[in-house]
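Peer 1: Below is the file data15.txt, which contains compact mmCIF, C-alpha atoms.
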```txt
# COMPACT_ATOMS: atom_id res chain seq x y z
CA MET A 1 -83.52 84.67 -66.03
CA HIS A 2 -82.31 88.16 -65.22
CA ILE A 3 -83.68 90.61 -67.77
CA PRO A 4 -81.12 93.40 -68.25
CA ASP A 5 -82.05 97.03 -68.84
CA GLY A 6 -82.84 97.94 -72.41
CA LEU A 7 -85.14 95.04 -73.28
CA ILE A 8 -88.37 96.33 -71.71
CA SER A 9 -90.00 99.34 -73.38
CA PRO A 10 -91.05 102.50 -71.51
CA GLN A 11 -94.62 101.72 -72.69
CA THR A 12 -94.39 98.72 -70.38
CA TYR A 13 -92.22 99.73 -67.46
CA LEU A 14 -93.74 103.17 -66.85
CA PRO A 15 -97.32 101.86 -66.38
CA ALA A 16 -95.87 98.98 -64.34
CA LEU A 17 -94.08 101.55 -62.18
CA ALA A 18 -97.34 103.50 -61.76
CA VAL A 19 -98.99 100.33 -60.47
CA ALA A 20 -96.03 99.24 -58.35
CA VAL A 21 -95.42 102.53 -56.50
CA PRO A 22 -98.75 102.61 -54.58
CA LEU A 23 -98.38 98.91 -53.89
CA TRP A 24 -94.85 99.49 -52.47
CA TRP A 25 -96.24 102.33 -50.37
CA TRP A 26 -99.00 100.09 -48.99
CA ALA A 27 -96.51 97.28 -48.45
CA GLY A 28 -94.31 99.77 -46.54
CA ARG A 29 -97.23 100.55 -44.21
CA SER A 30 -97.86 96.87 -43.69
CA PHE A 31 -94.13 96.34 -43.14
CA ARG A 32 -93.99 98.98 -40.38
CA ARG A 33 -97.02 97.40 -38.68
CA GLN A 34 -95.74 93.82 -38.83
CA VAL A 35 -91.98 94.04 -38.67
CA GLY A 36 -90.45 95.36 -35.48
CA ASP A 37 -86.87 95.32 -34.28
CA GLU A 38 -87.27 91.67 -33.28
CA VAL A 39 -88.42 90.44 -36.68
CA LEU A 40 -86.26 92.64 -38.92
CA PRO A 41 -83.04 90.62 -38.43
CA ARG A 42 -84.88 87.40 -39.28
CA LEU A 43 -86.45 89.04 -42.31
CA ALA A 44 -83.02 90.24 -43.40
CA VAL A 45 -81.71 86.68 -43.18
CA PHE A 46 -84.59 85.33 -45.24
CA THR A 47 -84.19 88.19 -47.72
CA ALA A 48 -80.53 87.25 -48.07
CA LEU A 49 -81.59 83.64 -48.56
CA ALA A 50 -84.07 84.66 -51.27
CA PHE A 51 -81.29 86.72 -52.87
CA LEU A 52 -79.00 83.70 -52.91
CA LEU A 53 -81.77 81.39 -54.13
CA SER A 54 -82.37 83.71 -57.04
CA SER A 55 -78.63 83.85 -57.77
CA LEU A 56 -78.21 80.09 -57.41
CA MET A 57 -78.10 78.22 -60.70
CA LEU A 58 -79.85 74.86 -60.47
CA PRO A 59 -78.63 72.15 -62.87
CA LEU A 60 -81.53 71.05 -65.07
CA PRO A 61 -81.94 68.00 -67.34
CA GLY A 62 -80.21 68.48 -70.67
CA GLY A 63 -77.30 70.43 -69.20
CA THR A 64 -79.17 73.69 -68.85
CA SER A 65 -79.67 75.65 -65.66
CA GLY A 66 -82.04 78.16 -64.16
CA HIS A 67 -82.48 80.06 -60.92
CA ALA A 68 -85.05 79.82 -58.16
CA ILE A 69 -87.08 82.86 -57.03
CA GLY A 70 -87.53 82.60 -53.26
CA VAL A 71 -90.64 84.75 -52.94
CA GLY A 72 -92.80 81.75 -51.93
CA LEU A 73 -90.59 81.15 -48.92
CA LEU A 74 -90.74 84.82 -47.89
CA THR A 75 -94.53 84.75 -48.23
CA LEU A 76 -95.05 81.60 -46.18
CA VAL A 77 -92.87 82.93 -43.37
CA PHE A 78 -93.71 86.66 -43.33
CA GLY A 79 -96.94 87.11 -45.32
CA PRO A 80 -97.47 88.52 -48.83
CA TRP A 81 -97.02 92.27 -48.26
CA VAL A 82 -93.72 91.88 -46.43
CA ALA A 83 -92.63 89.28 -49.00
CA PHE A 84 -93.46 91.67 -51.83
CA LEU A 85 -91.35 94.42 -50.26
CA ALA A 86 -88.50 92.08 -49.34
CA TYR A 87 -88.43 90.62 -52.84
CA THR A 88 -88.31 94.11 -54.29
CA LEU A 89 -85.20 94.66 -52.18
CA VAL A 90 -83.75 91.44 -53.61
CA LEU A 91 -84.34 92.77 -57.13
CA VAL A 92 -82.87 96.17 -56.24
CA LEU A 93 -79.80 94.50 -54.74
CA GLN A 94 -79.36 92.32 -57.79
CA ALA A 95 -79.61 95.34 -60.07
CA LEU A 96 -77.54 97.85 -58.05
CA VAL A 97 -75.05 95.66 -56.19
CA MET A 98 -74.54 92.71 -58.54
CA GLY A 99 -75.36 94.44 -61.83
CA ALA A 100 -77.73 91.58 -62.69
CA GLY A 101 -81.20 92.40 -63.90
CA GLY A 102 -82.21 95.97 -64.46
CA ILE A 103 -83.79 99.06 -63.03
CA THR A 104 -86.29 99.41 -65.89
CA ALA A 105 -87.27 95.75 -65.52
CA LEU A 106 -87.67 96.22 -61.75
CA PRO A 107 -91.38 97.20 -61.62
CA VAL A 108 -92.33 94.39 -64.02
CA ASN A 109 -90.30 91.81 -62.11
CA ALA A 110 -91.52 93.11 -58.75
CA LEU A 111 -95.15 92.88 -59.85
CA ALA A 112 -94.86 89.53 -61.63
CA MET A 113 -92.67 87.70 -59.11
CA GLY A 114 -92.99 89.77 -55.95
CA PHE A 115 -96.66 90.75 -55.97
CA VAL A 116 -98.48 88.11 -58.05
CA GLY A 117 -96.12 85.37 -56.88
CA ALA A 118 -96.53 86.30 -53.22
CA PHE A 119 -100.30 86.71 -53.21
CA LEU A 120 -100.91 83.60 -55.30
CA ALA A 121 -98.71 81.54 -52.99
CA TYR A 122 -100.48 83.02 -49.97
CA GLY A 123 -103.97 82.37 -51.38
CA LEU A 124 -103.20 78.81 -52.48
CA PHE A 125 -101.55 77.98 -49.17
CA HIS A 126 -104.59 79.12 -47.22
CA LEU A 127 -106.93 77.34 -49.61
CA LEU A 128 -105.12 74.02 -49.33
CA ARG A 129 -103.73 74.03 -45.80
CA SER A 130 -106.81 72.27 -44.43
CA VAL A 131 -106.28 69.41 -46.93
CA GLN A 132 -102.62 68.76 -46.12
CA ILE A 133 -100.21 71.43 -44.99
CA ASP A 134 -97.05 70.14 -46.74
CA LEU A 135 -99.00 69.71 -49.96
CA ALA A 136 -100.29 73.26 -49.55
CA VAL A 137 -96.71 74.59 -49.34
CA VAL A 138 -95.55 72.63 -52.40
CA VAL A 139 -98.55 73.50 -54.58
CA ALA A 140 -98.54 77.16 -53.51
CA VAL A 141 -94.87 77.62 -54.38
CA PHE A 142 -94.97 75.60 -57.61
CA VAL A 143 -98.06 77.33 -59.01
CA SER A 144 -96.87 80.80 -57.98
CA ILE A 145 -93.54 80.24 -59.76
CA LEU A 146 -95.27 79.11 -62.94
CA ALA A 147 -97.71 82.04 -62.81
CA SER A 148 -94.86 84.52 -62.31
CA ALA A 149 -92.87 82.95 -65.14
CA LEU A 150 -95.91 83.08 -67.42
CA LEU A 151 -96.44 86.76 -66.64
CA VAL A 152 -92.78 87.60 -67.37
CA ALA A 153 -93.02 85.64 -70.64
CA LEU A 154 -96.19 87.50 -71.62
CA VAL A 155 -94.60 90.87 -70.88
CA LEU A 156 -91.47 89.98 -72.87
CA GLY A 157 -93.52 88.67 -75.78
CA LEU A 158 -95.58 91.85 -75.78
CA GLN A 159 -92.55 94.04 -76.55
CA PRO A 160 -92.35 93.51 -80.35
CA LEU A 161 -96.07 94.29 -80.59
CA ILE A 162 -96.05 97.58 -78.70
CA ALA A 163 -92.56 99.00 -79.34
CA GLN A 164 -91.77 98.95 -83.04
CA ALA A 165 -89.83 101.23 -85.40
CA PRO A 166 -91.82 102.70 -88.35
CA ASP A 167 -90.57 99.80 -90.52
CA GLY A 168 -92.01 97.29 -88.05
CA SER A 169 -88.68 96.12 -86.59
CA PRO A 170 -88.58 95.66 -82.80
CA ARG A 171 -86.92 98.30 -80.62
CA PHE A 172 -86.74 96.23 -77.46
CA PHE A 173 -87.13 92.49 -76.80
CA PRO A 174 -87.55 91.05 -80.30
CA PHE A 175 -89.38 87.72 -79.80
CA GLY A 176 -93.15 87.21 -79.58
CA TRP A 177 -95.22 84.93 -77.35
CA ALA A 178 -94.65 81.89 -79.56
CA VAL A 179 -91.00 81.99 -78.44
CA THR A 180 -91.14 83.55 -74.96
CA VAL A 181 -93.90 81.43 -73.40
CA PRO A 182 -92.31 78.00 -74.00
CA ALA A 183 -88.76 79.33 -73.52
CA VAL A 184 -89.58 80.71 -70.06
CA LEU A 185 -92.22 78.22 -68.90
CA VAL A 186 -90.55 74.90 -69.72
CA PRO A 187 -87.41 75.46 -67.58
CA HIS A 188 -89.60 76.83 -64.80
CA LEU A 189 -91.49 73.53 -64.60
CA PHE A 190 -88.25 71.99 -63.33
CA ILE A 191 -87.26 75.03 -61.30
CA GLY A 192 -90.73 75.05 -59.71
CA VAL A 193 -90.41 71.45 -58.54
CA ALA A 194 -86.92 72.07 -57.11
CA GLU A 195 -87.91 75.32 -55.42
CA ALA A 196 -91.12 73.83 -53.99
CA ALA A 197 -89.09 71.02 -52.41
CA LEU A 198 -86.48 73.47 -51.10
CA THR A 199 -89.14 75.81 -49.72
CA LEU A 200 -90.87 72.92 -47.94
CA LEU A 201 -87.56 71.96 -46.33
CA ILE A 202 -86.84 75.48 -45.10
CA TRP A 203 -90.49 76.20 -44.16
CA ARG A 204 -90.59 73.07 -41.95
CA HIS A 205 -87.34 74.18 -40.32
CA ALA A 206 -88.75 77.69 -39.77
CA ARG A 207 -91.92 76.23 -38.23
CA LYS A 208 -89.84 74.06 -35.89
CA ARG A 209 -87.89 77.14 -34.79
CA HIS A 210 -91.13 79.21 -34.36
CA TRP A 211 -89.98 81.77 -36.91
CA LEU A 212 -93.29 81.96 -38.81
CA LEU A 213 -94.68 85.43 -38.32
CA ALA A 214 -98.43 84.93 -38.52
CA SER A 215 -101.27 82.47 -37.79
CA GLY A 216 -99.89 81.12 -34.53
CA GLY A 217 -96.75 79.80 -36.15
CA GLN A 218 -98.66 77.62 -38.61
CA GLY A 219 -98.03 79.62 -41.73
CA ALA A 220 -98.36 82.94 -43.45
CA MET B 1 -63.86 105.87 -54.14
CA PRO B 2 -61.63 105.97 -57.21
CA ALA B 3 -60.62 109.28 -58.73
CA SER B 4 -62.95 108.67 -61.62
CA GLY B 5 -66.59 108.08 -62.40
CA ILE B 6 -69.55 110.25 -61.49
CA GLY B 7 -67.64 111.41 -58.46
CA CYS B 8 -64.70 112.58 -60.60
CA LEU B 9 -66.89 114.98 -62.60
CA HIS B 10 -67.45 117.10 -59.54
CA ARG B 11 -64.43 116.26 -57.51
CA ALA B 12 -62.62 119.04 -55.74
CA GLY B 13 -59.16 117.64 -56.46
CA ARG B 14 -56.34 120.06 -55.67
CA GLY B 15 -57.88 123.02 -57.49
CA PRO B 16 -60.65 125.32 -56.37
CA GLU B 17 -63.41 123.72 -54.29
CA VAL B 18 -66.08 122.25 -56.51
CA PRO B 19 -69.07 120.71 -54.75
CA THR B 20 -69.04 116.90 -55.04
CA LEU B 21 -72.28 115.23 -56.02
CA SER B 22 -73.78 113.48 -53.03
CA HIS B 23 -74.39 109.74 -53.26
CA PRO B 24 -78.21 110.08 -53.29
CA ALA B 25 -77.80 112.61 -56.16
CA ARG B 26 -75.51 110.24 -58.08
CA LEU B 27 -78.04 107.45 -57.66
CA GLY B 28 -80.81 109.78 -58.83
CA LEU B 29 -78.73 110.85 -61.84
CA TYR B 30 -78.15 107.23 -62.78
CA LEU B 31 -81.87 106.39 -62.53
CA LEU B 32 -82.75 109.39 -64.70
CA ALA B 33 -80.12 108.42 -67.28
CA VAL B 34 -81.44 104.85 -67.48
CA VAL B 35 -84.99 106.06 -68.12
CA ALA B 36 -83.85 108.72 -70.63
CA ILE B 37 -81.75 106.23 -72.61
CA SER B 38 -84.67 103.85 -72.98
CA PHE B 39 -86.32 106.62 -75.06
CA VAL B 40 -83.37 106.89 -77.49
CA HIS B 41 -83.93 104.74 -80.59
CA ASP B 42 -81.16 106.02 -82.85
CA PRO B 43 -78.15 103.67 -82.92
CA ARG B 44 -75.76 106.55 -83.73
CA GLY B 45 -77.04 108.51 -80.75
CA LEU B 46 -76.64 105.48 -78.50
CA ALA B 47 -73.13 104.84 -79.84
CA LEU B 48 -72.18 108.47 -79.15
CA ILE B 49 -73.53 108.30 -75.60
CA LEU B 50 -71.67 105.03 -75.10
CA VAL B 51 -68.37 106.57 -76.21
CA GLY B 52 -69.08 109.69 -74.13
CA ALA B 53 -69.85 107.62 -71.03
CA LEU B 54 -66.66 105.61 -71.53
CA LEU B 55 -64.56 108.76 -71.86
CA LEU B 56 -66.17 110.41 -68.84
CA SER B 57 -65.84 107.32 -66.65
CA GLY B 58 -62.13 108.05 -66.27
CA ALA B 59 -59.35 105.64 -65.40
CA GLY B 60 -60.31 101.97 -65.44
CA ARG B 61 -62.79 102.47 -68.28
CA LEU B 62 -61.72 99.27 -70.03
CA ARG B 63 -62.32 97.28 -66.85
CA LEU B 64 -65.71 98.95 -66.57
CA LEU B 65 -66.58 98.01 -70.14
CA LEU B 66 -65.48 94.42 -69.59
CA ARG B 67 -67.52 94.24 -66.40
CA ALA B 68 -70.61 95.47 -68.26
CA LEU B 69 -69.94 93.02 -71.10
CA ARG B 70 -69.59 90.13 -68.68
CA VAL B 71 -73.07 90.83 -67.30
CA VAL B 72 -74.90 91.09 -70.63
CA LEU B 73 -72.77 89.10 -73.07
CA ALA B 74 -74.53 85.75 -72.64
CA ILE B 75 -78.02 87.17 -73.00
CA LEU B 76 -77.02 89.38 -75.93
CA LEU B 77 -75.37 86.46 -77.75
CA LEU B 78 -78.40 84.25 -77.17
CA LEU B 79 -80.81 86.95 -78.21
CA SER B 80 -78.79 88.01 -81.26
CA ALA B 81 -78.21 84.45 -82.49
CA GLY B 82 -81.90 83.61 -82.12
CA PHE B 83 -83.01 86.79 -83.84
CA LEU B 84 -80.49 86.35 -86.68
CA LEU B 85 -81.76 82.82 -87.19
CA MET B 86 -85.34 84.06 -87.19
CA GLY B 87 -84.42 86.77 -89.73
CA TRP B 88 -82.67 84.22 -91.92
CA LEU B 89 -85.69 81.89 -91.82
CA THR B 90 -88.25 84.60 -92.51
CA GLY B 91 -86.10 86.71 -94.85
CA GLN B 92 -86.68 89.85 -92.77
CA PRO B 93 -83.83 92.37 -92.22
CA VAL B 94 -82.84 92.17 -88.55
CA VAL B 95 -79.36 93.71 -88.36
CA ALA B 96 -80.47 97.31 -87.71
CA ALA B 97 -82.77 96.22 -84.88
CA LEU B 98 -80.04 94.02 -83.41
CA VAL B 99 -77.49 96.86 -83.47
CA LEU B 100 -79.97 99.14 -81.68
CA ILE B 101 -80.86 96.55 -79.02
CA ASN B 102 -77.25 95.49 -78.42
CA LEU B 103 -76.03 99.08 -78.14
CA ARG B 104 -78.78 100.06 -75.72
CA VAL B 105 -78.33 97.03 -73.49
CA LEU B 106 -74.54 97.45 -73.43
CA LEU B 107 -74.80 101.18 -72.70
CA LEU B 108 -77.20 100.63 -69.81
CA ALA B 109 -75.02 97.84 -68.43
CA LEU B 110 -72.03 100.19 -68.64
CA LEU B 111 -73.91 102.90 -66.75
CA THR B 112 -74.89 100.36 -64.10
CA ALA B 113 -71.28 99.23 -63.72
CA TRP B 114 -70.20 102.89 -63.46
CA MET B 115 -72.90 103.57 -60.87
CA MET B 116 -71.81 100.53 -58.86
CA ARG B 117 -68.29 101.95 -58.78
CA ALA B 118 -69.28 105.53 -58.02
CA VAL B 119 -72.23 105.17 -55.65
CA ASN B 120 -71.98 104.00 -52.08
CA LEU B 121 -75.45 102.55 -51.44
CA ASP B 122 -75.10 102.96 -47.67
CA ARG B 123 -74.58 106.68 -48.16
CA ALA B 124 -77.23 106.87 -50.88
CA LEU B 125 -79.78 105.52 -48.39
CA VAL B 126 -78.79 107.97 -45.67
CA HIS B 127 -82.33 109.42 -45.49
CA TRP B 128 -83.90 105.97 -44.98
CA PRO B 129 -82.27 104.53 -41.84
CA GLN B 130 -84.44 101.40 -41.68
CA ALA B 131 -83.71 100.55 -45.33
CA GLN B 132 -80.03 101.21 -44.61
CA ARG B 133 -80.07 98.85 -41.63
CA TRP B 134 -81.89 96.19 -43.62
CA LEU B 135 -79.33 96.53 -46.40
CA VAL B 136 -76.44 96.17 -43.95
CA ILE B 137 -77.87 92.99 -42.43
CA VAL B 138 -78.84 91.49 -45.81
CA ARG B 139 -75.37 92.14 -47.22
CA GLY B 140 -73.76 90.62 -44.14
CA GLN B 141 -75.94 87.52 -44.41
CA ILE B 142 -75.21 87.12 -48.13
CA GLN B 143 -71.50 87.14 -47.35
CA LEU B 144 -72.00 84.70 -44.50
CA PHE B 145 -74.04 82.29 -46.65
CA ARG B 146 -71.47 82.49 -49.44
CA ARG B 147 -68.57 81.80 -47.10
CA LEU B 148 -70.35 78.84 -45.53
CA ALA B 149 -71.22 77.40 -48.95
CA GLN B 150 -67.62 77.84 -50.10
CA ASP B 151 -66.26 76.24 -46.92
CA TYR B 152 -68.61 73.33 -47.42
CA ARG B 153 -67.59 72.92 -51.06
CA TYR B 154 -63.90 72.92 -50.17
CA ALA B 155 -64.49 70.52 -47.28
CA GLN B 156 -66.41 68.13 -49.51
CA ARG B 157 -63.82 68.34 -52.29
CA SER B 158 -60.93 67.68 -49.90
CA ARG B 159 -62.60 64.53 -48.55
CA SER B 160 -63.42 62.86 -51.85
CA VAL B 161 -61.43 62.06 -54.95
CA LEU B 162 -64.61 61.85 -57.02
CA PRO B 163 -66.83 64.87 -57.67
CA PRO B 164 -70.14 64.67 -55.75
CA THR B 165 -73.17 63.37 -57.59
CA LEU B 166 -76.13 65.66 -58.18
CA ARG B 167 -78.04 63.90 -55.37
CA GLU B 168 -75.11 64.37 -52.96
CA ARG B 169 -74.84 68.01 -53.94
CA TYR B 170 -78.52 68.64 -53.29
CA ARG B 171 -78.45 66.78 -49.94
CA GLY B 172 -75.30 68.58 -48.90
CA SER B 173 -76.71 71.93 -49.93
CA ALA B 174 -79.86 71.28 -47.89
CA ALA B 175 -77.83 70.43 -44.78
CA ILE B 176 -75.52 73.42 -45.11
CA GLY B 177 -78.44 75.68 -45.97
CA LEU B 178 -80.36 74.90 -42.79
CA ALA B 179 -77.23 75.20 -40.65
CA ALA B 180 -76.47 78.54 -42.32
CA LEU B 181 -80.02 79.70 -41.71
CA ASP B 182 -79.74 79.00 -37.97
CA LYS B 183 -76.39 80.71 -37.84
CA GLY B 184 -77.66 83.63 -39.89
CA VAL B 185 -80.69 84.26 -37.66
CA HIS B 186 -78.52 83.96 -34.57
CA ASN B 187 -75.95 86.42 -35.97
CA ALA B 188 -78.61 88.87 -37.08
CA ASP B 189 -80.17 88.78 -33.60
CA LEU B 190 -76.74 89.48 -32.11
CA VAL B 191 -76.20 92.40 -34.50
CA THR B 192 -79.57 93.87 -33.54
CA GLN B 193 -78.89 93.47 -29.82
CA ALA B 194 -75.48 95.08 -30.26
CA MET B 195 -77.02 97.97 -32.21
CA ARG B 196 -79.75 98.40 -29.59
CA SER B 197 -77.26 98.39 -26.72
CA ARG B 198 -75.35 101.18 -28.51
CA GLY B 199 -78.49 103.25 -29.01
CA ALA B 200 -78.53 102.81 -32.79
CA LEU B 201 -82.22 101.81 -32.84
CA HIS B 202 -83.54 104.75 -30.85
CA ASP B 203 -84.71 106.65 -33.94
```
Using structure tokens, write down the structure from this file.

Peer 2:
Amino acid sequence: MHIPDGLISPQTYLPALAVAVPLWWWAGRSFRRQVGDEVLPRLAVFTALAFLLSSLMLPLPGGTSGHAIGVGLLTLVFGPWVAFLAYTLVLVLQALVMGAGGITALPVNALAMGFVGAFLAYGLFHLLRSVQIDLAVVVAVFVSILASALLVALVLGLQPLIAQAPDGSPRFFPFGWAVTVPAVLVPHLFIGVAEAALTLLIWRHARKRHWLLASGGQGA
Amino acid sequence: MPASGIGCLHRAGRGPEVPTLSHPARLGLYLLAVVAISFVHDPRGLALILVGALLLSGAGRLRLLLRALRVVLAILLLLSAGFLLMGWLTGQPVVAALVLINLRVLLLALLTAWMMRAVNLDRALVHWPQAQRWLVIVRGQIQLFRRLAQDYRYAQRSRSVLPPTLRERYRGSAAIGLAALDKGVHNADLVTQAMRSRGALHD
């Protein structure tokens, strides 16, 4: 779901921006260290792929649809810091080039999907890779998608509590957690399964082509 | 660049030379406006700004408004219908809040559509050459992926009288996706080599 501008309160996005800016700066340092002229084109291709994945509507049971995220794939190929930065670019492109999503929602989305999603996927992959590497990819991507979705739902549901008019009516997103958590999480159960399978397919292909950046071509 | 939009406000035209806002400045102005508007909670104020923005956006303002509406209409309808239902069930007044939220979201979407028309991102990123290069390659790859996907869809449609099943669509998408990935990486490598051979990477 692309959250447009105007639904996230300044009480939320300004602190999120304050957290995100130093993280972007650190990610930029990491990016300069890891990504040279040789890797940048490949990263650009995977960033474009993540962009398309997050624009691609997947048919879901019941006639609904949702979109994948793509940050798990970026993480498993390039590592979490580069993935965080690349995913931020995806969000910026969606907001500024496609008009989907929003600038005020950017720090929240970047932290929830780009940062938490990337580092959770990275941690889970490294935790489980010794058990079975394909399973590690699937679990890492699935859990990171659900965690990101849960965070977005919590932030949305927080809005009526922290941004009210004097009469108690909401000024930004109007629904509380009782609505946002199931509304965001349930579709992402299906999206998570589809994206985990898709990521495994592409990750195996990337491993075969020796495109994985770190750990001797075995993963992030 | 059309003779309207943020650029039009400071356009030289045929009269005396008026400095044109640079693209980084236009982008900065847009970002400031988005933040400022999220602090406005008066529907009349938002409505006035909306009308003002529409008037200032120059020729093609209706198209701009429709473009903004297209982006936010589905989410606003869903949100408004749900909130109206909730208000009806709980007996709470919701119309004022809905007017405020709808106006703000529409206004910000309009500003984004205006910015997309008036700002050239390549020029806006002129001080960040690596970001600019990344953007160029990413945009190129997005176009490439889209074309390949479209070609594949047309090819599949022309070879079958029945629409593909969901399983066929997923399998086909996987095959075309991996082929596109190989092609994309190869093309991006070629672009980088071409840029290097022309001295574009010696910064």

Peer 1: Record the distance separating atom CA of A:His67 and atom CA of B:Gln130, expressed in Å with one decimal.

Peer 2: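 If I compute the distance from atom CA of A:His67 to atom CA of B:Gln130, I get 28.8 Å.
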
Peer 1: To test the calculation: enclose all listed atoms of stretch 136-149 of chain B in a box whose edges run along x, y and z, add 3 Å on each side, then state centre and edge lengths in Å to one decimal, as AutoDock Vina command-line options.

Peer 2:
```
--center_x -73.7 --center_y 86.8 --center_z -45.9 --size_x 16.3 --size_y 24.8 --size_z 13.0
```

Peer 1: Residues of chain A within 9 Å of chain B, counting only C-alpha atoms - could you list those as number ranges by chain?

Peer 2: A: 2-10, 37-49, 51-52, 59, 89, 93, 95-104, 165, 169-175, 198, 201-202, 205, 209

Peer 1: So which one's closest to A:Tyr13, A:Val35, A:Ala140, A:Ala196, A:Val155? Using all atoms listed in the file, please.

Peer 2: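 Answer, going by the shortest atom-to-atom distance: A:Val155.
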
Peer 1: Give the answer as one residue: which of A:Pro15, A:Gly72, A:Gly114, A:Gly28 has the shortest atom-to-atom distance to A:Glu195, using all atoms listed in the file?

Peer 2: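 Among the listed residues, the smallest separation from A:Glu195 belongs to A:Gly72.
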
Peer 1: Please provide as a list in words all residues within 8 Å of A:Pro80, with the sequence filter that same-chain residues fewer than 5 positions apart are discarded (counting all atoms listed in the file).

Peer 2: Leu74, Thr75, Phe115, Ala118, Phe119, Tyr122 and Ala220 of chain A

Peer 1: Suppose you want the space between atom CA of B:Arg169 and atom CA of A:Ile133; what is it in Å?

Peer 2: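 Value for the atom CA of B:Arg169-atom CA of A:Ile133 distance: 27.1 Å.
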
Peer 1: So how far away is atom CA of A:Lys208 from atom CA of A:Ala86, in Å?

Peer 2: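 About the pair atom CA of A:Ala86 and atom CA of A:Lys208: they are 22.5 Å apart.
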
Peer 1: Choose the residue, out of A:Pro187, A:Gly192, A:Pro166, A:Gly123, that has the smallest atom-to-atom separation from A:Ile145; count all atoms listed in the file.

Peer 2: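 Looking only at the distances to A:Ile145, the closest residue turns out to be A:Gly192.
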